[in-house]
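Engineer: This is the structure I have questions about; it appears just below.
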Amino acid sequence: MTVRERIAAIASLANGHPDGVIDCNLGTPCDPVPSFVADAVRDAVALSGPYPLSAGSLAYREAAVRWSNATFGTSIDTANAGACVGTKEFVASIAAHLGATQGGDRDTILYPAVSYPTYAVGASFAGCRAVPVAFDDQWLMDFDSIDPHDAQRARILWLNIPGNPTGSVAGLDHLAKAAQWGRSHGVIVISDECYVEYAPEAHSILETGTDGVLALHSLSKRSNFAGMRCGFYLGDQEIVRPLIDLRREAGLIVPTVVQAAAISALGDDVHVREQHERYRHRRDFVLARLALHGIHHVGGPMPFYLWLRHDDPAIGGFELAEYFARAGWLIAPGATFGAAGEPFARIALVQPDEVLHRALDRFDNVNTPMR
């Protein structure tokens, strides 16, 4: 079977459980949106008649740069900022958009070998080559491994720190190395930082300066805003300005009421700390129970995901995911994120505590052997 067929078979097995499926496959937050956001949405409904700006309202961009400057110690302004309709559309479209705004003959998108699949999908949408970059033992990209021929042809180098699916984190030195690599090769570096507030210490590529770089941010994870579809990108004005113009013509616009909700959420970090604690707590009790089955997290400390490996190296990611599926617990085989992820599997900790405890009880009671 193909990878897609094997993933579908695992999903079918999990969905067929007599007590229903417990879905930890996708990173879709389950926890509530901050209650104060409702007031901002209600107030904005009366003002939602005019077309909003594709770039985002001035208030939205001010909230984004204020948050960045406070979080990372940067000093950017609204000329460095643009809105996006959730970050997935930006990831999928940016290679094509940069081809239109930057010109030239660069036709290669470099991305982490184990990563969010949309980086490679966006390359295909743009008619570009998608070239995975090897990682080191900390699940960080090894820039020295990039073939000089690929570097010469590269349009974008994607980063994702903290990382999906591995939970990897990095210090500013790694981000600085990435930015310098891009600047020295004339390649735009885009740092997907949507999990940044779940890192032990938050850093952005913008701390290295804005020349030749973009940072991409989402409210889906920090504020449980997945259904709102809003995000923003920050960075080099010479990249941002033509992107705003092109995206306006494409009709890529965040609704007024959603922008109002986002402004409200960006102004508060108490709910973010509370959410971080929820994920940390889930991580601790799930890992303690899985360890009894010889299953361990082998990724980094970001607590949104668990990147799992069995003690027996003969048990790969598909076998792990199938075993979970027998308990009606749907998780992602590592091959979902690239061929290099095949030995692993990923759990998104996006179910309430009581549901995860129920999943663990079911898992304990699966009587068939794992192999």
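Letters for chains follow the order of the structure tokens (A, B, ...), residue numbers begin at 1 for each chain, and ligand numbers begin at 1 in the order shown.
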List the neighbours of Ser124 of chain A out to 12 Å using only C-alpha atoms; skip same-chain residues closer than 4 positions along the sequence, and give me the result as a PyMOL selection string.
Structural biologist: chain A and resi 91-96+107-109+117-120+128-131
Engineer: Tell me, which residues of segment 135-356 of chain A carry DSSP strand (DSSP E), written as number ranges by chain?
Structural biologist: A: 154-160, 188-192, 213-218, 231-235, 295-297, 305-310, 329-330, 332-333, 345-348
Engineer: What is the atom CA of Asp23 of chain A to atom CA of Pro352 of chain A distance in Å?
Structural biologist: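 For atom CA of Asp23 of chain A relative to atom CA of Pro352 of chain A, the distance reads 11.1 Å.
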Engineer: Using only C-alpha atoms, which residues of segment 3-64 of chain A come within 10 Å of segment 268-291 of chain A, and what is the closest atom pair for each, with the distance in Å to one decimal? Give it as JSON lines, sorted by chain and residue number.
Structural biologist:
```
{"residue": "A:Asp31", "atom": "CA", "partner": "A:Gln275", "partner_atom": "CA", "distance": 8.1}
{"residue": "A:Pro32", "atom": "CA", "partner": "A:Gln275", "partner_atom": "CA", "distance": 9.5}
{"residue": "A:Val33", "atom": "CA", "partner": "A:His271", "partner_atom": "CA", "distance": 8.9}
{"residue": "A:Pro34", "atom": "CA", "partner": "A:His271", "partner_atom": "CA", "distance": 6.7}
{"residue": "A:Ser35", "atom": "CA", "partner": "A:His271", "partner_atom": "CA", "distance": 9.7}
{"residue": "A:Phe36", "atom": "CA", "partner": "A:Asp268", "partner_atom": "CA", "distance": 9.8}
```
Engineer: Write out as a VMD selection string which residues come within 6 Å of Gly317 of chain A when counting only C-alpha atoms, dropping same-chain ones fewer than 4 positions away.
Structural biologist: chain A and resid 333 to 334 342 to 345
Engineer: Take atom CA of Ala359 of chain A and atom CA of Asn25 of chain A and report the distance between them in Å, one decimal.
Structural biologist: 13.1 Å
Engineer: DSSP on the backbone: which residues in segment 246-319 of chain A end up as helix (DSSP H, G or I)? Give the answer as an MDAnalysis selection string.
Structural biologist: chainID A and resid 246:249 256:266 270:291 317:319
Engineer: For the selection just defined, write its residues with N, CA and C atoms to a file, as a compact mmCIF listing (two decimals), in the first residue's frame.
Structural biologist:
```txt
# COMPACT_ATOMS: atom_id res chain seq x y z
N LEU A 246 -0.18 42.10 -4.01
CA LEU A 246 -0.63 40.93 -4.76
C LEU A 246 -1.77 40.22 -4.03
N ARG A 247 -1.65 40.06 -2.73
CA ARG A 247 -2.67 39.36 -1.97
C ARG A 247 -3.99 40.14 -1.95
N ARG A 248 -3.93 41.46 -2.06
CA ARG A 248 -5.15 42.26 -2.17
C ARG A 248 -5.92 41.86 -3.42
N GLU A 249 -5.22 41.72 -4.53
CA GLU A 249 -5.89 41.37 -5.79
C GLU A 249 -6.43 39.94 -5.76
N THR A 256 -13.47 41.56 9.34
CA THR A 256 -13.35 42.60 10.35
C THR A 256 -13.55 42.06 11.76
N VAL A 257 -14.57 41.24 11.94
CA VAL A 257 -14.85 40.74 13.29
C VAL A 257 -13.74 39.82 13.78
N VAL A 258 -13.14 39.08 12.86
CA VAL A 258 -12.03 38.19 13.24
C VAL A 258 -10.81 39.02 13.64
N GLN A 259 -10.55 40.10 12.89
CA GLN A 259 -9.44 40.97 13.27
C GLN A 259 -9.66 41.55 14.66
N ALA A 260 -10.90 41.94 14.96
CA ALA A 260 -11.19 42.50 16.28
C ALA A 260 -10.93 41.47 17.37
N ALA A 261 -11.32 40.22 17.13
CA ALA A 261 -11.06 39.17 18.10
C ALA A 261 -9.56 38.97 18.29
N ALA A 262 -8.83 38.99 17.20
CA ALA A 262 -7.38 38.77 17.27
C ALA A 262 -6.68 39.90 18.03
N ILE A 263 -7.10 41.14 17.78
CA ILE A 263 -6.52 42.28 18.50
C ILE A 263 -6.69 42.09 20.00
N SER A 264 -7.89 41.67 20.38
CA SER A 264 -8.17 41.46 21.80
C SER A 264 -7.27 40.36 22.37
N ALA A 265 -7.14 39.25 21.65
CA ALA A 265 -6.35 38.13 22.15
C ALA A 265 -4.86 38.45 22.21
N LEU A 266 -4.36 39.20 21.23
CA LEU A 266 -2.94 39.55 21.21
C LEU A 266 -2.56 40.47 22.37
N VAL A 270 -2.10 36.14 29.65
CA VAL A 270 -2.48 35.27 30.76
C VAL A 270 -3.08 33.98 30.23
N HIS A 271 -3.99 34.10 29.26
CA HIS A 271 -4.62 32.89 28.73
C HIS A 271 -3.62 32.00 28.03
N VAL A 272 -2.55 32.58 27.46
CA VAL A 272 -1.52 31.78 26.80
C VAL A 272 -0.76 30.95 27.83
N ARG A 273 -0.43 31.55 28.96
CA ARG A 273 0.26 30.80 30.02
C ARG A 273 -0.63 29.68 30.56
N GLU A 274 -1.92 29.97 30.68
CA GLU A 274 -2.84 28.93 31.15
C GLU A 274 -2.91 27.77 30.16
N GLN A 275 -2.92 28.09 28.88
CA GLN A 275 -2.98 27.04 27.87
C GLN A 275 -1.70 26.22 27.85
N HIS A 276 -0.56 26.88 27.99
CA HIS A 276 0.72 26.18 28.05
C HIS A 276 0.70 25.17 29.20
N GLU A 277 0.16 25.55 30.34
CA GLU A 277 0.10 24.66 31.50
C GLU A 277 -0.81 23.46 31.21
N ARG A 278 -1.91 23.68 30.48
CA ARG A 278 -2.77 22.55 30.12
C ARG A 278 -2.00 21.52 29.31
N TYR A 279 -1.26 21.99 28.29
CA TYR A 279 -0.52 21.05 27.46
C TYR A 279 0.61 20.38 28.23
N ARG A 280 1.27 21.12 29.11
CA ARG A 280 2.35 20.53 29.89
C ARG A 280 1.81 19.41 30.78
N HIS A 281 0.66 19.66 31.39
CA HIS A 281 0.04 18.65 32.26
C HIS A 281 -0.34 17.41 31.45
N ARG A 282 -0.95 17.60 30.29
CA ARG A 282 -1.33 16.47 29.45
C ARG A 282 -0.10 15.67 29.02
N ARG A 283 0.94 16.37 28.65
CA ARG A 283 2.17 15.72 28.23
C ARG A 283 2.69 14.80 29.33
N ASP A 284 2.70 15.31 30.56
CA ASP A 284 3.28 14.55 31.66
C ASP A 284 2.52 13.25 31.91
N PHE A 285 1.19 13.32 32.00
CA PHE A 285 0.49 12.09 32.38
C PHE A 285 0.37 11.11 31.21
N VAL A 286 0.30 11.62 29.98
CA VAL A 286 0.25 10.70 28.84
C VAL A 286 1.58 9.97 28.69
N LEU A 287 2.69 10.69 28.81
CA LEU A 287 3.99 10.04 28.66
C LEU A 287 4.26 9.02 29.77
N ALA A 288 3.82 9.33 30.98
CA ALA A 288 4.03 8.38 32.08
C ALA A 288 3.32 7.06 31.82
N ARG A 289 2.12 7.12 31.26
CA ARG A 289 1.38 5.89 30.97
C ARG A 289 1.95 5.16 29.77
N LEU A 290 2.33 5.89 28.72
CA LEU A 290 2.86 5.23 27.53
C LEU A 290 4.21 4.58 27.80
N ALA A 291 4.97 5.12 28.74
CA ALA A 291 6.27 4.54 29.07
C ALA A 291 6.12 3.10 29.57
N GLY A 317 6.53 3.59 12.80
CA GLY A 317 5.44 4.51 13.04
C GLY A 317 4.09 3.99 12.60
N PHE A 318 4.04 3.28 11.49
CA PHE A 318 2.76 2.73 11.05
C PHE A 318 2.26 1.68 12.05
N GLU A 319 3.17 0.84 12.55
CA GLU A 319 2.78 -0.18 13.52
C GLU A 319 2.29 0.46 14.81
```
Engineer: Here is a test: counting only C-alpha atoms, which residue of A:Gly299, A:Pro18, A:Gly267, A:Pro50 is nearest to Asp137 of chain A?
Structural biologist: A:Gly299
Engineer: Restricting the calculation to only C-alpha atoms, which member of A:Gly316, A:Gln180, A:Ala83, A:Val37 is positioned closest to Ala339 of chain A?
Structural biologist: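 Looking at the shortest contact to Ala339 of chain A, the residue is A:Gly316.
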Engineer: Between A:His297, A:Ser12, A:Ser220, A:Cys230, which is the closest to Arg61 of chain A once you count only C-alpha atoms?
Structural biologist: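 Checking each of A:His297, A:Ser12, A:Ser220, A:Cys230 against Arg61 of chain A, counting only C-alpha atoms, the winner is A:Cys230.
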Engineer: In Å to one decimal, how far is atom CA of Phe232 of chain A from atom CA of Ala215 of chain A?
Structural biologist: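 Rounded to one decimal, the two atoms are 8.5 Å apart.
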Engineer: For Arg183 of chain A, find every residue with an atom within 12 Å (counting only C-alpha atoms), except residues of its own chain fewer than 6 positions away, and show them as a ChimeraX atom specification.
Structural biologist: /A:151,154-157,176-177,189-190,208-213,236
Engineer: Using only C-alpha atoms, determine which residues lie at most 9 Å from Val169 of chain A, disregarding the query and same-chain residues fewer than 2 positions distant; provide the list as a list in words.
Structural biologist: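 What passes the distance filter is Gln138, Trp139, Leu140, Ile161, Pro162, Gly163, Gly167, Gly171, Val196, Ala199, Pro200, Glu201, Gly300, Pro301 and Met302 of chain A.
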Engineer: Keeping C-alpha atoms for every residue in the selection just given, could you write it to a file as an mmCIF file, in the first residue's frame?
Structural biologist:
```
data_model
loop_
_atom_site.group_PDB
_atom_site.id
_atom_site.type_symbol
_atom_site.label_atom_id
_atom_site.label_comp_id
_atom_site.auth_asym_id
_atom_site.auth_seq_id
_atom_site.Cartn_x
_atom_site.Cartn_y
_atom_site.Cartn_z
ATOM 1 C CA GLN A 138 18.099 17.809 17.935
ATOM 2 C CA TRP A 139 15.620 17.736 15.023
ATOM 3 C CA LEU A 140 17.027 21.011 13.692
ATOM 4 C CA ILE A 161 10.728 26.372 15.251
ATOM 5 C CA PRO A 162 9.269 25.211 17.590
ATOM 6 C CA GLY A 163 8.768 22.289 15.266
ATOM 7 C CA GLY A 167 8.416 19.541 19.281
ATOM 8 C CA GLY A 171 18.100 29.109 20.502
ATOM 9 C CA VAL A 196 6.674 29.994 19.636
ATOM 10 C CA ALA A 199 8.899 27.091 23.756
ATOM 11 C CA PRO A 200 10.839 27.243 27.042
ATOM 12 C CA GLU A 201 12.312 30.496 25.742
ATOM 13 C CA GLY A 300 11.950 18.371 21.822
ATOM 14 C CA PRO A 301 10.349 20.071 24.842
ATOM 15 C CA MET A 302 7.514 21.961 23.099
#
```
Engineer: Return the single residue from A:Tyr323, A:Tyr195, A:Trp181, A:Phe337 that is closest to Asp144 of chain A, with distances computed using only C-alpha atoms.
Structural biologist: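 Closest to Asp144 of chain A of all the choices is A:Trp181.
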Engineer: Measuring between only C-alpha atoms, which one of A:Thr71, A:Gln102, A:Asn15, A:Thr78 shows the shortest distance to Ile188 of chain A?
Structural biologist: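 Comparing A:Thr71, A:Gln102, A:Asn15, A:Thr78 against Ile188 of chain A, the winner is A:Gln102.
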Engineer: Of the candidates A:Ala81, A:Leu330, A:Ala325, A:Val133, which shows the shortest atom-to-atom distance to Ile244 of chain A, using only C-alpha atoms?
Structural biologist: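 Result for the nearest residue to Ile244 of chain A: A:Ala81.
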